[in-house]
There are 2 protein chains.
Amino acid sequence: MIILLVEDDTVLATHSIDFLAQEGIEVDYASTVRQAKAISKQQTYDAIVLDINLPDGDGLSLAKLWQNQRQEPILFLSARDALDDKLKAFSLGALDYLTKPFALPELAVRIKLLANKNNPQPTKQFNLDSLQVDLDARIITRGERIIVLSPQQWQLLAMLIKHYPNPVSKDTIINEIWPQQDSNNNMYKSLITRLRSNLTQADEPPLLHTLKKQGVALRKQHD
Amino acid sequence: MIILLVEDDTVLATHSIDFLAQEGIEVDYASTVRQAKAISKQQTYDAIVLDINLPDGDGLSLAKLWQNQRQEPILFLSARDALDDKLKAFSLGALDYLTKPFALPELAVRIKLLANKNNPQPTKQFNLDSLQVDLDARIITRGERIIVLSPQQWQLLAMLIKHYPNPVSKDTIINEIWPQQDSNNNMYKSLITRLRSNLTQADEPPLLHTLKKQGVALRKQHD
DNA sequence: CTATACTGTTACCTTACGGTTACCTATGCC
DNA sequence: GGCATAGGTAACCGTAAGGTAACAGTATAG
C-alpha cells in the first residue's frame with residue numbers, strides 16, 4: 001500500500017512516515033503544492049493525505065484541481081477545526097478530515113479504511129501449476145476437479161502455502177497439528193500420504209515433495 | 001436514505017433528527033441497546049450511528065454483536081476522545097468516529113459519505129443459482145417457489161450471504177444466534193438442518209454445504 | 001381460546017476422519 | 001551382506017461430527 005503525503009511540517013511528516021512504515025504503508029512525501037504535483041505525476045496511490053495549509057497554496061485548491069483528474073480517496077489534515085473548512089473539504093471530494101493534533105495510530109487506521117474502500121481486497125489466491133487455492137473460501141481446485149480436504153489436511157496445506165516455496169520441517173508440522181500430543185511418526189506419515197494423494201491423481205505431476213531430513217515443500221518439480 | 005441513530009441524550013438526539021430531516025435523511029431512533037435491537041430487526045439502513053455510552057450497555061459491544069450479521073456502515077459517537085476507544089471501534093468495523101461535541105452539518109456530511117461512498121449501490125439482492133434473496137424485503141425465492149424462513153433461519157442465511165462465498169464457523173454462528181447461552185451443539189445442528197431443508201427440496205442441488213470442523217458455506221456446488 | 005409456528009431437546013443413524021498397524025522401498029553405514 | 005533409518009502406501013476400524021426425524025413446551029396469531 002502506498003500513499004501520498006503532502007505536509008509542510010517536516011517534523012510531523014517524518015514522524016508520520018516512520019509510523020506508517022511500521023504499519024506497512026509506504027509514503028511518497030511532498031512538502032509543497034509544487035512538489036506534490038510533480039511527484040504525483042508518476043504514480044497512482046491508494047490514498048492521498050493533504051494538509052490544508054501549505055507554503056505555496058492550500059490543499060483545498062489542490063484537491064479541487066485533482067478532483068476530476070485523480071480518483072484517489074483524499075484525507076485532509078488541518079490545524080483548523082472550523083466547520084466551514086471541513087464542509088468545503090468534503091464538498092471537494094474529501095473522504096475524511098482529521099484535525100491536528102491527532103494520534104498517529106488513528107491516522108493509520110483511517111488511511112487503511114480509505115484505501116480499502118477503493119479496492120476491496122482481492123481474494124487471497126494461491127496458484128501453483130494447475131493447483132488453485134482460495135485461502136478465504138477454502139476452495140481448492142486442480143485443473144477442473146474440485147478437491148475436498150479433511151481439516152488436518154487443509155491445515156497442513158495452509159502451512160505449506162504460508163511458507164512457500166520453503167520446506168516445512170516435520171517437527172514444525174507435528175507441533176502445529178498435534179499440539180500437546182506426543183509426536184507419533186505414523187500419524188505424520190499418514191497425513192502426508194493422504195494430502196499428497198488428494199492433491200495429485202493419475203498422470204498429474206506431483207506437487208508435494210519431501211526433502212529428506214528437512215521436511216516437505218510445495219514445488220512444481222524437484223530440484 | 002434512512003439511518004439508525006442510537007443515542008441516549010434525548011436533546012442531542014432530537015436536534016440531530018431535526019437537522020438530518022432537513023438534509024433529507026430519515027432517522028430511526030433508539031435510546032437504549034434494547035430498543036436498538038428491537039427496532040432494527042425489521043429494517044436495513046444506509047448507515048448506523050452509534051453512541052458508545054448507553055444506559056444499558058455500550059455501542060462497542062452492540063457493534064461487535066452486529067459485525068457479523070449486519071452489513072451497514074457504522075459511525076460512532078462518543079464524548080471520549082481516547083485513542084483506545086477509537087481504535088477499538090475501528091477494529092470492530094466502524095467506518096468513522098466522531099467526538100462530541102460535533103457540528104450537525106459535519107455529522108450529516110459524514111453520514112452521507114458512508115451511505116453513498118461505501119456502498120455505491122448496496123447489493124440488496126443476492127443471487128446464487130436459482131436462489132434469489134431480497135435482503136431488504138426479506139423475500140426469498142428459489143425457482144418459482146417462495147421460501148419462508150423462521151427468524152433464526154433468516155439470521156443465519158443473512159450471515160452466510162454476508163460472508164459469501166466464505167464459510168462461517170460454527171462458533172461464530174452459535175455466538176451470534178445464541179449470545180450468552182452455553183453453546184448447545186444440538187440447537188446448532190437443528191438450525192442447519194432446518195435451513196437446508198427449506199432452501200433445497202426434491203431434486204434441487206444443495207446450496208448449504210458443511211466443511212467438517214470448519215463451518216458451513218453457501219456454494220453452488222462443492223462435492 | 002384454539003391453532004399454528006418456532007425452537008429446544010432427545011434419540012438414533014451415517015459417514016468419513018484420523019489413529020493404528022503391517023509391509024514396502026531406498027539409502028547409508030559398519 | 002546385514003541392519004538401521006526415513007519415508008511411502010494400503011487397509012482396518014473406533015469414534016466423533018454431523019444429519020434427520022419426532023416430540024414437547026412456549027410463543028404468537030387470529
# chains A, B, ... in the order shown; residues from 1 in each chain; ligands from 1
$ residues_around --residues "region 195-206 of chain A" --least-positions-apart "2" --cutoff "12 Å" --atoms "only C-alpha atoms (C1' of nucleotides)" --output "ChimeraX atom specification"
/A:128-133,140-143,145-158,160,188-193,208-210,216-222 /D:8-9
$ interface_residues --of "chain C" --to "chain B" --cutoff "8 Å" --atoms "only C-alpha atoms (C1' of nucleotides)" --output "PyMOL selection string"
chain C and resi 6+8-9
$ write_last_selection --atoms "N, CA and C atoms (P, O5', C5', C4', C3', O3' and C1' of nucleotides)" --output "compact mmCIF listing (two decimals), in the first residue's frame"
# COMPACT_ATOMS: atom_id res chain seq x y z
P DC C 6 -42.59 -20.33 11.51
O5' DC C 6 -41.71 -20.39 12.83
C5' DC C 6 -41.91 -19.40 13.83
C4' DC C 6 -41.18 -19.81 15.09
C3' DC C 6 -39.76 -20.35 14.84
O3' DC C 6 -38.86 -19.60 15.63
C1' DC C 6 -40.98 -21.80 16.26
P DG C 8 -33.72 -22.08 20.50
O5' DG C 8 -33.55 -23.17 21.66
C5' DG C 8 -34.44 -23.11 22.76
C4' DG C 8 -34.74 -24.52 23.24
C3' DG C 8 -33.51 -25.41 23.45
O3' DG C 8 -33.57 -25.94 24.77
C1' DG C 8 -35.15 -26.56 22.18
P DT C 9 -32.39 -26.82 25.36
O5' DT C 9 -32.85 -28.31 25.08
C5' DT C 9 -34.13 -28.74 25.50
C4' DT C 9 -34.37 -30.18 25.07
C3' DT C 9 -33.13 -31.06 25.13
O3' DT C 9 -33.36 -32.09 26.09
C1' DT C 9 -34.38 -31.40 23.13
$ select_by_dssp --residues "region 103-201 of chain B" --states "strand (DSSP E)" --output "short mmCIF file (atom, residue, chain, number, x, y, z; two decimals) with C-alpha atoms, in the first residue's frame"
data_model
loop_
_atom_site.label_atom_id
_atom_site.label_comp_id
_atom_site.auth_asym_id
_atom_site.auth_seq_id
_atom_site.Cartn_x
_atom_site.Cartn_y
_atom_site.Cartn_z
CA GLN B 125 -30.19 -8.53 -3.93
CA PHE B 126 -28.37 -11.78 -3.62
CA ASN B 127 -28.46 -14.43 -6.29
CA LEU B 128 -26.97 -17.86 -6.26
CA LEU B 131 -31.91 -18.80 -5.26
CA GLN B 132 -32.91 -15.17 -5.02
CA VAL B 133 -32.80 -13.19 -1.81
CA ASP B 134 -34.05 -9.66 -1.39
CA ILE B 139 -38.22 -12.22 0.33
CA ILE B 140 -36.60 -15.45 -0.70
CA THR B 141 -37.41 -17.41 -3.80
CA ARG B 142 -35.92 -20.45 -5.39
CA ARG B 145 -41.48 -21.11 -5.12
CA ILE B 146 -41.37 -18.64 -2.31
CA ILE B 147 -39.40 -19.63 0.73
#
$ closest_residue --among "A:Tyr29, A:Tyr97, A:Trp66, A:Phe19" --to "chain B" --atoms "only C-alpha atoms"
A:Tyr97
$ interface_residues --of "chain A" --to "chain B" --cutoff "9 Å" --atoms "only C-alpha atoms" --output "PyMOL selection string"
chain A and resi 83+86-87+90-91+95-96+103+105-106+109-110+113+117+136-139+146-151
$ interface_residues --of "chain D" --to "chain A" --cutoff "12 Å" --atoms "only C-alpha atoms (C1' of nucleotides)" --output "list in words"
DT5, DA6, DG7, DG8, DT9, DA10 and DA17 of chain D
$ write_last_selection --atoms "C-alpha atoms (C1' of nucleotides)" --output "CSV table (one decimal), in the first residue's frame"
chain,number,residue,atom,x,y,z
D,5,DT,C1',16.8,-45.2,9.5
D,6,DA,C1',13.4,-42.5,6.9
D,7,DG,C1',9.8,-42.4,4.3
D,8,DG,C1',5.6,-44.3,1.4
D,9,DT,C1',1.3,-46.9,0.9
D,10,DA,C1',-2.7,-49.5,1.8
D,17,DA,C1',-19.0,-34.9,14.0
$ residues_around --residues "Val6 (chain A)" --least-positions-apart "6" --cutoff "9 Å" --atoms "only C-alpha atoms (C1' of nucleotides)" --output "number ranges by chain"
A: 13, 28-33, 35-36, 48-52, 54, 59
$ write_last_selection --atoms "all heavy atoms" --output "short mmCIF file (atom, residue, chain, number, x, y, z; two decimals), in the first residue's frame"
data_model
loop_
_atom_site.label_atom_id
_atom_site.label_comp_id
_atom_site.auth_asym_id
_atom_site.auth_seq_id
_atom_site.Cartn_x
_atom_site.Cartn_y
_atom_site.Cartn_z
N ALA A 13 5.78 15.34 9.54
CA ALA A 13 5.86 14.47 8.37
C ALA A 13 6.77 13.28 8.62
O ALA A 13 6.39 12.13 8.36
CB ALA A 13 6.34 15.26 7.16
N ASP A 28 4.90 8.42 -0.25
CA ASP A 28 5.56 9.42 -1.08
C ASP A 28 5.32 10.75 -0.40
O ASP A 28 4.19 11.07 -0.02
CB ASP A 28 4.95 9.45 -2.49
CG ASP A 28 5.77 8.62 -3.46
OD1 ASP A 28 6.63 7.85 -2.98
OD2 ASP A 28 5.54 8.73 -4.67
N TYR A 29 6.37 11.56 -0.29
CA TYR A 29 6.22 12.76 0.52
C TYR A 29 6.50 14.02 -0.29
O TYR A 29 7.46 14.09 -1.06
CB TYR A 29 7.17 12.69 1.72
CG TYR A 29 7.26 13.97 2.49
CD1 TYR A 29 6.11 14.52 3.06
CD2 TYR A 29 8.48 14.63 2.65
CE1 TYR A 29 6.18 15.71 3.77
CE2 TYR A 29 8.55 15.82 3.36
CZ TYR A 29 7.39 16.35 3.92
OH TYR A 29 7.46 17.53 4.61
N ALA A 30 5.66 15.02 -0.08
CA ALA A 30 5.87 16.33 -0.68
C ALA A 30 5.57 17.37 0.37
O ALA A 30 4.65 17.20 1.18
CB ALA A 30 4.96 16.53 -1.90
N SER A 31 6.33 18.46 0.36
CA SER A 31 6.11 19.49 1.38
C SER A 31 5.45 20.74 0.79
O SER A 31 5.08 21.64 1.53
CB SER A 31 7.43 19.87 2.05
OG SER A 31 8.31 20.43 1.10
N THR A 32 5.32 20.78 -0.50
CA THR A 32 4.67 21.94 -1.12
C THR A 32 3.73 21.47 -2.22
O THR A 32 3.78 20.30 -2.65
CB THR A 32 5.70 22.88 -1.78
OG1 THR A 32 6.31 22.19 -2.89
CG2 THR A 32 6.78 23.28 -0.80
N VAL A 33 2.89 22.38 -2.65
CA VAL A 33 1.96 22.07 -3.72
C VAL A 33 2.74 21.71 -4.99
O VAL A 33 2.40 20.76 -5.70
CB VAL A 33 1.02 23.26 -3.98
CG1 VAL A 33 0.19 23.03 -5.23
CG2 VAL A 33 0.12 23.48 -2.77
N GLN A 35 5.79 20.52 -5.35
CA GLN A 35 6.35 19.17 -5.24
C GLN A 35 5.27 18.09 -5.40
O GLN A 35 5.49 17.08 -6.07
CB GLN A 35 7.00 18.98 -3.87
CG GLN A 35 8.41 19.52 -3.76
CD GLN A 35 8.96 19.25 -2.36
OE1 GLN A 35 8.69 18.22 -1.77
NE2 GLN A 35 9.71 20.20 -1.84
N ALA A 36 4.16 18.34 -4.77
CA ALA A 36 3.09 17.35 -4.81
C ALA A 36 2.67 17.10 -6.25
O ALA A 36 2.51 15.93 -6.67
CB ALA A 36 1.91 17.84 -3.98
N ILE A 48 -4.56 9.67 -0.55
CA ILE A 48 -3.77 10.89 -0.51
C ILE A 48 -4.10 11.63 0.78
O ILE A 48 -5.28 11.79 1.13
CB ILE A 48 -4.09 11.80 -1.71
CG1 ILE A 48 -3.65 11.12 -3.01
CG2 ILE A 48 -3.42 13.16 -1.57
CD1 ILE A 48 -3.96 11.93 -4.26
N VAL A 49 -3.06 12.02 1.51
CA VAL A 49 -3.24 12.78 2.74
C VAL A 49 -2.74 14.20 2.50
O VAL A 49 -1.57 14.41 2.18
CB VAL A 49 -2.46 12.14 3.91
CG1 VAL A 49 -2.65 12.97 5.17
CG2 VAL A 49 -2.92 10.71 4.13
N LEU A 50 -3.64 15.16 2.64
CA LEU A 50 -3.35 16.53 2.25
C LEU A 50 -3.47 17.47 3.44
O LEU A 50 -4.52 17.55 4.09
CB LEU A 50 -4.39 17.00 1.22
CG LEU A 50 -4.07 16.89 -0.27
CD1 LEU A 50 -5.19 17.54 -1.07
CD2 LEU A 50 -2.76 17.57 -0.56
N ASP A 51 -2.41 18.18 3.71
CA ASP A 51 -2.51 19.27 4.67
C ASP A 51 -3.21 20.44 3.98
O ASP A 51 -3.08 20.63 2.77
CB ASP A 51 -1.12 19.69 5.13
CG ASP A 51 -1.19 20.62 6.34
OD1 ASP A 51 -2.30 20.81 6.88
OD2 ASP A 51 -0.13 21.16 6.73
N ILE A 52 -3.97 21.21 4.75
CA ILE A 52 -4.68 22.32 4.10
C ILE A 52 -3.78 23.53 3.95
O ILE A 52 -3.78 24.18 2.90
CB ILE A 52 -5.97 22.66 4.91
CG1 ILE A 52 -6.98 21.53 4.69
CG2 ILE A 52 -6.53 24.00 4.45
CD1 ILE A 52 -8.38 21.88 5.07
N LEU A 54 -0.45 25.13 3.22
CA LEU A 54 0.83 24.82 2.62
C LEU A 54 1.49 26.13 2.21
O LEU A 54 0.82 27.13 1.97
CB LEU A 54 0.66 23.92 1.41
CG LEU A 54 0.14 22.50 1.74
CD1 LEU A 54 -0.32 21.78 0.50
CD2 LEU A 54 1.22 21.71 2.47
N GLY A 59 -4.22 23.02 0.37
CA GLY A 59 -4.66 21.68 0.00
C GLY A 59 -6.02 21.68 -0.66
O GLY A 59 -6.30 20.85 -1.53
#
$ atom_distance --atom1 "CA of Leu92 (chain B)" --atom2 "CA of Arg70 (chain B)"
12.2 Å
$ select_by_dssp --residues "region 36-94 of chain B" --states "alpha helix (DSSP H)" --output "number ranges by chain"
B: 36-40, 59-66, 83-91
$ write_last_selection --atoms "N, CA and C atoms" --output "PDB file, in the first residue's frame"
ATOM      1  N   ALA B  36     -32.646  -0.484  20.365  1.00  0.00           N
ATOM      2  CA  ALA B  36     -31.946  -0.560  19.084  1.00  0.00           C
ATOM      3  C   ALA B  36     -32.078  -1.949  18.477  1.00  0.00           C
ATOM      4  N   LYS B  37     -31.883  -2.946  19.332  1.00  0.00           N
ATOM      5  CA  LYS B  37     -32.007  -4.312  18.819  1.00  0.00           C
ATOM      6  C   LYS B  37     -33.399  -4.557  18.276  1.00  0.00           C
ATOM      7  N   ALA B  38     -34.391  -4.109  19.046  1.00  0.00           N
ATOM      8  CA  ALA B  38     -35.773  -4.378  18.658  1.00  0.00           C
ATOM      9  C   ALA B  38     -36.124  -3.686  17.353  1.00  0.00           C
ATOM     10  N   ILE B  39     -35.850  -2.401  17.298  1.00  0.00           N
ATOM     11  CA  ILE B  39     -36.314  -1.626  16.148  1.00  0.00           C
ATOM     12  C   ILE B  39     -35.566  -2.012  14.881  1.00  0.00           C
ATOM     13  N   SER B  40     -34.314  -2.425  15.028  1.00  0.00           N
ATOM     14  CA  SER B  40     -33.523  -2.685  13.827  1.00  0.00           C
ATOM     15  C   SER B  40     -33.815  -4.049  13.226  1.00  0.00           C
ATOM     16  N   GLY B  59     -22.151   0.948  22.909  1.00  0.00           N
ATOM     17  CA  GLY B  59     -22.213   0.804  21.469  1.00  0.00           C
ATOM     18  C   GLY B  59     -21.181  -0.170  20.919  1.00  0.00           C
ATOM     19  N   LEU B  60     -20.045  -0.230  21.587  1.00  0.00           N
ATOM     20  CA  LEU B  60     -18.998  -1.113  21.085  1.00  0.00           C
ATOM     21  C   LEU B  60     -19.453  -2.566  21.077  1.00  0.00           C
ATOM     22  N   SER B  61     -20.069  -2.993  22.189  1.00  0.00           N
ATOM     23  CA  SER B  61     -20.472  -4.400  22.193  1.00  0.00           C
ATOM     24  C   SER B  61     -21.632  -4.637  21.236  1.00  0.00           C
ATOM     25  N   LEU B  62     -22.445  -3.609  21.059  1.00  0.00           N
ATOM     26  CA  LEU B  62     -23.522  -3.741  20.082  1.00  0.00           C
ATOM     27  C   LEU B  62     -22.934  -3.921  18.680  1.00  0.00           C
ATOM     28  N   ALA B  63     -21.908  -3.148  18.403  1.00  0.00           N
ATOM     29  CA  ALA B  63     -21.262  -3.265  17.096  1.00  0.00           C
ATOM     30  C   ALA B  63     -20.639  -4.644  16.943  1.00  0.00           C
ATOM     31  N   LYS B  64     -20.068  -5.127  18.041  1.00  0.00           N
ATOM     32  CA  LYS B  64     -19.464  -6.451  17.976  1.00  0.00           C
ATOM     33  C   LYS B  64     -20.512  -7.515  17.668  1.00  0.00           C
ATOM     34  N   LEU B  65     -21.652  -7.351  18.327  1.00  0.00           N
ATOM     35  CA  LEU B  65     -22.745  -8.283  18.072  1.00  0.00           C
ATOM     36  C   LEU B  65     -23.172  -8.245  16.612  1.00  0.00           C
ATOM     37  N   TRP B  66     -23.199  -7.038  16.080  1.00  0.00           N
ATOM     38  CA  TRP B  66     -23.746  -6.858  14.736  1.00  0.00           C
ATOM     39  C   TRP B  66     -22.749  -7.124  13.633  1.00  0.00           C
ATOM     40  N   LEU B  83      -7.786   7.495  22.495  1.00  0.00           N
ATOM     41  CA  LEU B  83      -7.345   6.765  21.312  1.00  0.00           C
ATOM     42  C   LEU B  83      -7.760   5.304  21.360  1.00  0.00           C
ATOM     43  N   ASP B  84      -7.681   4.733  22.554  1.00  0.00           N
ATOM     44  CA  ASP B  84      -8.045   3.323  22.682  1.00  0.00           C
ATOM     45  C   ASP B  84      -9.457   3.059  22.200  1.00  0.00           C
ATOM     46  N   ASP B  85     -10.366   3.902  22.626  1.00  0.00           N
ATOM     47  CA  ASP B  85     -11.751   3.740  22.208  1.00  0.00           C
ATOM     48  C   ASP B  85     -11.871   3.780  20.697  1.00  0.00           C
ATOM     49  N   LYS B  86     -11.169   4.747  20.124  1.00  0.00           N
ATOM     50  CA  LYS B  86     -11.273   4.875  18.677  1.00  0.00           C
ATOM     51  C   LYS B  86     -10.756   3.629  17.977  1.00  0.00           C
ATOM     52  N   LEU B  87      -9.584   3.192  18.407  1.00  0.00           N
ATOM     53  CA  LEU B  87      -9.001   2.033  17.727  1.00  0.00           C
ATOM     54  C   LEU B  87      -9.877   0.807  17.907  1.00  0.00           C
ATOM     55  N   LYS B  88     -10.431   0.677  19.111  1.00  0.00           N
ATOM     56  CA  LYS B  88     -11.310  -0.463  19.341  1.00  0.00           C
ATOM     57  C   LYS B  88     -12.516  -0.391  18.410  1.00  0.00           C
ATOM     58  N   ALA B  89     -13.051   0.800  18.297  1.00  0.00           N
ATOM     59  CA  ALA B  89     -14.216   0.986  17.433  1.00  0.00           C
ATOM     60  C   ALA B  89     -13.884   0.602  15.994  1.00  0.00           C
ATOM     61  N   PHE B  90     -12.768   1.099  15.518  1.00  0.00           N
ATOM     62  CA  PHE B  90     -12.412   0.791  14.136  1.00  0.00           C
ATOM     63  C   PHE B  90     -12.170  -0.698  13.947  1.00  0.00           C
ATOM     64  N   SER B  91     -11.615  -1.330  14.972  1.00  0.00           N
ATOM     65  CA  SER B  91     -11.358  -2.750  14.823  1.00  0.00           C
ATOM     66  C   SER B  91     -12.654  -3.549  14.821  1.00  0.00           C
TER      67      SER B  91
END
$ atom_distance --atom1 "CA of Ala79 (chain B)" --atom2 "CA of Asn53 (chain B)"
8.3 Å
$ atom_distance --atom1 "CA of Ala47 (chain B)" --atom2 "CA of Leu75 (chain B)"
7.6 Å
